[in-house]
file model_3.cif (mmCIF, C-alpha atoms)
data_run
loop_
_atom_site.group_PDB
_atom_site.id
_atom_site.type_symbol
_atom_site.label_atom_id
_atom_site.label_comp_id
_atom_site.auth_asym_id
_atom_site.auth_seq_id
_atom_site.Cartn_x
_atom_site.Cartn_y
_atom_site.Cartn_z
ATOM 1 C CA MET A 1 -115.706 -38.415 41.086
ATOM 2 C CA ILE A 2 -117.166 -37.802 37.640
ATOM 3 C CA SER A 3 -116.373 -40.314 34.884
ATOM 4 C CA ALA A 4 -114.922 -39.282 31.518
ATOM 5 C CA ARG A 5 -118.071 -40.454 29.724
ATOM 6 C CA ARG A 6 -120.379 -38.473 32.010
ATOM 7 C CA PHE A 7 -118.125 -35.397 31.689
ATOM 8 C CA ALA A 8 -118.174 -35.681 27.876
ATOM 9 C CA ALA A 9 -121.974 -35.999 27.861
ATOM 10 C CA ALA A 10 -122.331 -32.966 30.149
ATOM 11 C CA ALA A 11 -119.901 -30.915 28.041
ATOM 12 C CA ALA A 12 -121.794 -31.824 24.865
ATOM 13 C CA ALA A 13 -125.061 -30.763 26.480
ATOM 14 C CA VAL A 14 -123.589 -27.403 27.505
ATOM 15 C CA LEU A 15 -122.129 -26.780 24.064
ATOM 16 C CA ALA A 16 -125.381 -27.753 22.372
ATOM 17 C CA GLY A 17 -127.343 -25.300 24.500
ATOM 18 C CA CYS A 18 -130.871 -25.956 25.644
ATOM 19 C CA GLN A 19 -132.448 -28.924 23.953
ATOM 20 C CA SER A 20 -135.915 -27.956 22.774
ATOM 21 C CA TYR A 21 -138.961 -30.181 22.983
ATOM 22 C CA THR A 22 -142.657 -30.161 22.183
ATOM 23 C CA VAL A 23 -145.218 -30.603 24.965
ATOM 24 C CA VAL A 24 -147.673 -33.327 23.956
ATOM 25 C CA GLN A 25 -149.643 -33.797 27.189
ATOM 26 C CA SER A 26 -150.116 -32.054 30.507
ATOM 27 C CA ASN A 27 -151.521 -33.670 33.669
ATOM 28 C CA VAL A 28 -152.334 -32.244 37.074
ATOM 29 C CA PHE A 29 -151.729 -34.512 40.077
ATOM 30 C CA ALA A 30 -153.033 -33.978 43.617
ATOM 31 C CA ASP A 31 -151.930 -35.665 46.834
ATOM 32 C CA ASP A 32 -153.926 -36.456 49.993
ATOM 33 C CA ASP A 33 -153.021 -33.084 51.533
ATOM 34 C CA GLY A 34 -154.273 -31.037 48.584
ATOM 35 C CA ASN A 35 -150.847 -30.253 47.121
ATOM 36 C CA VAL A 36 -150.899 -30.014 43.325
ATOM 37 C CA VAL A 37 -148.159 -30.761 40.784
ATOM 38 C CA THR A 38 -148.513 -30.125 37.052
ATOM 39 C CA VAL A 39 -146.445 -32.335 34.753
ATOM 40 C CA ASP A 40 -145.900 -31.405 31.116
ATOM 41 C CA TYR A 41 -144.893 -34.422 29.019
ATOM 42 C CA GLY A 42 -142.753 -33.664 25.994
ATOM 43 C CA ARG A 43 -140.833 -35.143 23.122
ATOM 44 C CA SER A 44 -137.542 -33.825 21.768
ATOM 45 C CA GLU A 45 -136.500 -33.909 18.120
ATOM 46 C CA SER A 46 -133.120 -35.370 19.080
ATOM 47 C CA ASP A 47 -131.947 -37.967 21.584
ATOM 48 C CA HIS A 48 -130.920 -36.938 25.079
ATOM 49 C CA VAL A 49 -128.176 -39.138 26.534
ATOM 50 C CA ASN A 50 -127.750 -39.963 30.205
ATOM 51 C CA THR A 51 -125.921 -42.828 31.879
ATOM 52 C CA PHE A 52 -126.642 -45.576 34.376
ATOM 53 C CA VAL A 53 -124.620 -48.285 36.081
ATOM 54 C CA SER A 54 -125.474 -51.801 34.936
ATOM 55 C CA PRO A 55 -126.417 -53.992 37.913
ATOM 56 C CA ALA A 56 -125.057 -57.035 36.057
ATOM 57 C CA THR A 57 -121.618 -55.730 35.077
ATOM 58 C CA GLY A 58 -121.133 -52.604 37.206
ATOM 59 C CA LYS A 59 -120.189 -50.680 34.054
ATOM 60 C CA GLU A 60 -121.531 -47.252 33.186
ATOM 61 C CA MET A 61 -123.767 -47.406 30.109
ATOM 62 C CA ASP A 62 -125.598 -44.865 27.934
ATOM 63 C CA PHE A 63 -129.364 -44.499 27.862
ATOM 64 C CA LYS A 64 -130.895 -42.483 25.013
ATOM 65 C CA SER A 65 -134.400 -41.077 24.930
ATOM 66 C CA LYS A 66 -136.447 -38.256 23.433
ATOM 67 C CA LEU A 67 -138.958 -38.225 26.311
ATOM 68 C CA VAL A 68 -138.886 -35.331 28.779
ATOM 69 C CA VAL A 69 -141.105 -33.930 31.531
ATOM 70 C CA LYS A 70 -141.300 -30.546 33.205
ATOM 71 C CA ALA A 71 -142.749 -30.712 36.705
ATOM 72 C CA HIS A 72 -144.227 -27.597 38.332
ATOM 73 C CA MET A 73 -144.051 -28.080 42.102
ATOM 74 C CA PRO A 74 -146.489 -26.769 44.773
ATOM 75 C CA ASP A 75 -143.884 -24.288 46.081
ATOM 76 C CA GLY A 76 -143.645 -22.590 42.662
ATOM 77 C CA GLY A 77 -140.382 -24.258 41.648
ATOM 78 C CA SER A 78 -139.997 -26.518 38.638
ATOM 79 C CA PHE A 79 -137.546 -28.967 37.100
ATOM 80 C CA LYS A 80 -136.978 -30.617 33.721
ATOM 81 C CA ALA A 81 -136.160 -34.331 33.708
ATOM 82 C CA TRP A 82 -135.367 -36.780 30.922
ATOM 83 C CA GLN A 83 -136.382 -40.429 30.686
ATOM 84 C CA CYS A 84 -133.750 -42.605 32.315
ATOM 85 C CA MET A 85 -133.188 -46.274 33.066
ATOM 86 C CA ASN A 86 -135.831 -47.616 35.417
ATOM 87 C CA PHE A 87 -135.131 -50.718 37.493
ATOM 88 C CA LEU A 88 -138.510 -50.535 39.284
ATOM 89 C CA PRO A 89 -141.367 -52.783 38.158
ATOM 90 C CA GLY A 90 -143.552 -50.584 35.964
ATOM 91 C CA GLY A 91 -143.777 -46.933 35.103
ATOM 92 C CA THR A 92 -141.499 -44.509 33.318
ATOM 93 C CA MET A 93 -138.677 -42.890 35.293
ATOM 94 C CA TYR A 94 -137.346 -39.416 34.518
ATOM 95 C CA GLN A 95 -134.260 -37.789 36.059
ATOM 96 C CA THR A 96 -132.767 -34.300 35.971
ATOM 97 C CA ASP A 97 -129.316 -33.922 34.416
ATOM 98 C CA ASP A 98 -127.818 -33.076 37.822
ATOM 99 C CA GLY A 99 -129.482 -36.110 39.451
ATOM 100 C CA GLU A 100 -131.278 -34.029 42.083
ATOM 101 C CA TRP A 101 -134.840 -34.982 41.059
ATOM 102 C CA LYS A 102 -136.536 -38.158 39.841
ATOM 103 C CA LEU A 103 -140.132 -38.496 38.679
ATOM 104 C CA LEU A 104 -141.880 -41.848 38.280
ATOM 105 C CA ALA A 105 -144.949 -41.714 36.050
ATOM 106 C CA ARG A 106 -147.222 -44.735 36.548
ATOM 107 C CA GLY A 107 -150.400 -44.361 34.540
ATOM 108 C CA PHE A 108 -152.747 -42.279 36.671
ATOM 109 C CA SER A 109 -150.200 -41.660 39.430
ATOM 110 C CA CYS A 110 -146.977 -39.719 39.829
ATOM 111 C CA ILE A 111 -144.228 -40.012 42.450
ATOM 112 C CA ILE A 112 -141.480 -37.400 42.795
ATOM 113 C CA TYR A 113 -138.195 -38.028 44.610
ATOM 114 C CA ARG A 114 -135.454 -35.604 45.673
ATOM 115 C CA ARG A 115 -131.846 -36.611 46.261
ATOM 116 C CA GLU A 116 -130.551 -36.463 49.813
ATOM 117 C CA ALA A 117 -127.057 -35.270 50.689
ATOM 118 C CA GLY A 118 -124.544 -37.997 51.301
ATOM 119 C CA GLU A 119 -121.988 -40.296 49.789
ATOM 120 C CA MET A 120 -124.387 -42.821 48.287
ATOM 121 C CA PRO A 121 -127.235 -41.473 46.156
ATOM 122 C CA ARG A 122 -130.448 -41.813 48.149
ATOM 123 C CA TYR A 123 -133.774 -40.310 47.242
ATOM 124 C CA ARG A 124 -136.626 -39.233 49.494
ATOM 125 C CA GLU A 125 -140.216 -39.276 48.274
ATOM 126 C CA VAL A 126 -141.500 -35.688 48.323
ATOM 127 C CA PHE A 127 -144.773 -36.055 46.413
ATOM 128 C CA ARG A 128 -147.212 -38.854 45.560
ATOM 129 C CA GLY A 129 -150.384 -37.941 43.708
ATOM 130 C CA VAL A 130 -153.077 -39.097 41.327
ATOM 131 C CA VAL A 131 -154.400 -37.428 38.184
ATOM 132 C CA CYS A 132 -157.082 -34.865 38.904
ATOM 133 C CA ASP A 133 -157.073 -32.946 35.608
ATOM 134 C CA THR A 134 -155.645 -33.054 32.107
ATOM 135 C CA SER A 135 -155.359 -30.252 29.628
ATOM 136 C CA GLY A 136 -156.493 -30.486 26.059
ATOM 137 C CA ILE A 137 -153.426 -30.114 23.877
ATOM 138 C CA GLY A 138 -154.357 -30.403 20.224
ATOM 139 C CA ALA A 139 -151.924 -32.879 18.679
ATOM 140 C CA LYS A 140 -151.629 -32.563 14.925
ATOM 141 C CA LYS A 141 -151.736 -35.861 13.074
ATOM 142 C CA ASP A 142 -148.778 -36.492 10.784
ATOM 143 C CA GLU A 143 -147.372 -39.301 8.625
ATOM 144 C CA ARG A 144 -145.762 -41.057 11.625
ATOM 145 C CA TRP A 145 -149.166 -41.923 13.143
ATOM 146 C CA ARG A 146 -150.416 -45.471 12.626
ATOM 147 C CA ASP A 147 -153.729 -47.179 13.184
ATOM 148 C CA VAL A 148 -153.561 -49.312 16.319
ATOM 149 C CA MET A 149 -156.326 -51.656 15.245
ATOM 150 C CA ARG A 150 -155.452 -53.834 12.292
ATOM 151 C CA ARG A 151 -158.118 -54.238 9.693
ATOM 152 C CA GLY A 152 -160.157 -57.401 9.963
ATOM 153 C CA ARG A 153 -159.754 -57.739 13.736
ATOM 154 C CA GLU A 154 -162.593 -56.789 15.972
ATOM 155 C CA TYR A 155 -163.791 -57.691 19.413
ATOM 156 C CA LYS A 156 -166.186 -60.610 19.454
ATOM 157 C CA LYS A 157 -168.358 -61.357 22.449
ATOM 158 C CA PRO A 158 -167.887 -64.804 23.900
ATOM 159 C CA LYS A 159 -170.745 -67.276 23.599
ATOM 160 C CA PRO A 160 -172.736 -67.782 26.795
ATOM 161 C CA VAL A 161 -171.934 -70.898 28.808
ATOM 162 C CA GLN A 162 -174.623 -73.589 28.470
ATOM 163 C CA LYS A 163 -175.706 -75.327 31.682
#
call {"tool": "encode", "arguments": {"input": "model_3.cif", "output": "structure tokens"}}
result
Amino acid sequence: MISARRFAAAAAAVLAGCQSYTVVQSNVFADDDGNVVTVDYGRSESDHVNTFVSPATGKEMDFKSKLVVKAHMPDGGSFKAWQCMNFLPGGTMYQTDDGEWKLLARGFSCIIYRREAGEMPRYREVFRGVVCDTSGIGAKKDERWRDVMRRGREYKKPKPVQK
């Protein structure tokens, strides 16, 4: 059964039409069998809202994010997934609006899950790969960029240990 909050979020998404985003990075992942998945990482101008059930309270809560991926699968299919709540240790989890696909991005690796039929949502791992190529997407610097290194701080080599 669909909750009122989830129904309202889905209705708002339909009325708003397709939410556009800008691709900022694209990685190609390969598994041990030579299958290849391309993942385009993007950022939307507006928040995308999905929900999750709090493990502490059991209540459905909103999760907002501007991060999105589009995964191009080895069979020629593709899916678009938005960042969602991740209860796993490490990585960024993305999920499709219909809950059929999940993608876990963990640095140089990528794991893709597909929902299995049944009462309780269960997901089967369908792809696990490591980065084998990245494309050069020219990001244009704007006023939101900041310097990571603060002025006056630099790496200093430790002194050798005296015996």
call {"tool": "closest_residue", "arguments": {"input": "model_3.cif", "among": "A:Arg122, A:His48, A:Arg115, A:Lys159", "to": "A:Ser65", "atoms": "only C-alpha atoms"}}
result
A:His48
call {"tool": "closest_atom_pairs", "arguments": {"input": "model_3.cif", "of": "stretch 68-127 of chain A", "to": "stretch 22-26 of chain A", "cutoff": "12 Å", "atoms": "all atoms listed in the file", "output": "Markdown table"}}
result
| residue | atom | partner | partner_atom | distance |
| --- | --- | --- | --- | --- |
| A:Val68 | CA | A:Val23 | CA | 8.8 |
| A:Val69 | CA | A:Val23 | CA | 8.4 |
| A:Lys70 | CA | A:Val23 | CA | 9.1 |
| A:Ala71 | CA | A:Ser26 | CA | 9.7 |
| A:His72 | CA | A:Ser26 | CA | 10.8 |
call {"tool": "resolve_selection", "arguments": {"input": "model_3.cif", "expression": "the PyMOL selection byres ((chain A and resi 49) around 9)", "output": "PDB file with C-alpha atoms, in the coordinates of the input"}}
result
ATOM      1  CA  ALA A   9    -121.974 -35.999  27.861  1.00  0.00           C
ATOM      2  CA  ALA A  13    -125.061 -30.763  26.480  1.00  0.00           C
ATOM      3  CA  ASP A  47    -131.947 -37.967  21.584  1.00  0.00           C
ATOM      4  CA  HIS A  48    -130.920 -36.938  25.079  1.00  0.00           C
ATOM      5  CA  ASN A  50    -127.750 -39.963  30.205  1.00  0.00           C
ATOM      6  CA  THR A  51    -125.921 -42.828  31.879  1.00  0.00           C
ATOM      7  CA  ASP A  62    -125.598 -44.865  27.934  1.00  0.00           C
ATOM      8  CA  PHE A  63    -129.364 -44.499  27.862  1.00  0.00           C
ATOM      9  CA  LYS A  64    -130.895 -42.483  25.013  1.00  0.00           C
ATOM     10  CA  SER A  65    -134.400 -41.077  24.930  1.00  0.00           C
ATOM     11  CA  LYS A  66    -136.447 -38.256  23.433  1.00  0.00           C
ATOM     12  CA  TRP A  82    -135.367 -36.780  30.922  1.00  0.00           C
ATOM     13  CA  CYS A  84    -133.750 -42.605  32.315  1.00  0.00           C
TER      14      CYS A  84
END
call {"tool": "closest_residue", "arguments": {"input": "model_3.cif", "among": "A:Asn86, A:Ser135, A:Thr57, A:Thr92", "to": "A:Cys110", "atoms": "only C-alpha atoms"}}
result
A:Thr92
call {"tool": "resolve_selection", "arguments": {"input": "model_3.cif", "expression": "the PyMOL selection byres ((chain A and resi 75-80) around 12)", "output": "MDAnalysis selection string"}}
result
chainID A and resid 18:21 35:42 67:74 81:83 94:103 112:114 126:127
call {"tool": "atom_distance", "arguments": {"input": "model_3.cif", "atom1": "atom CA of A:Glu125", "atom2": "atom CA of A:Ala56"}}
result
26.4 Å
call {"tool": "atom_distance", "arguments": {"input": "model_3.cif", "atom1": "atom CA of A:Ala30", "atom2": "atom CA of A:Arg128"}}
result
7.8 Å
call {"tool": "atom_distance", "arguments": {"input": "model_3.cif", "atom1": "atom CA of A:Asp133", "atom2": "atom CA of A:Val28"}}
result
5.0 Å
call {"tool": "residues_around", "arguments": {"input": "model_3.cif", "residues": "A:Ala105", "least_positions_apart": "3", "cutoff": "8 Å", "atoms": "only C-alpha atoms", "output": "number ranges by chain"}}
result
A: 91-93, 108-111
call {"tool": "closest_residue", "arguments": {"input": "model_3.cif", "among": "A:Met120, A:Val131, A:Leu104, A:Leu88", "to": "A:Phe29", "atoms": "only C-alpha atoms"}}
result
A:Val131
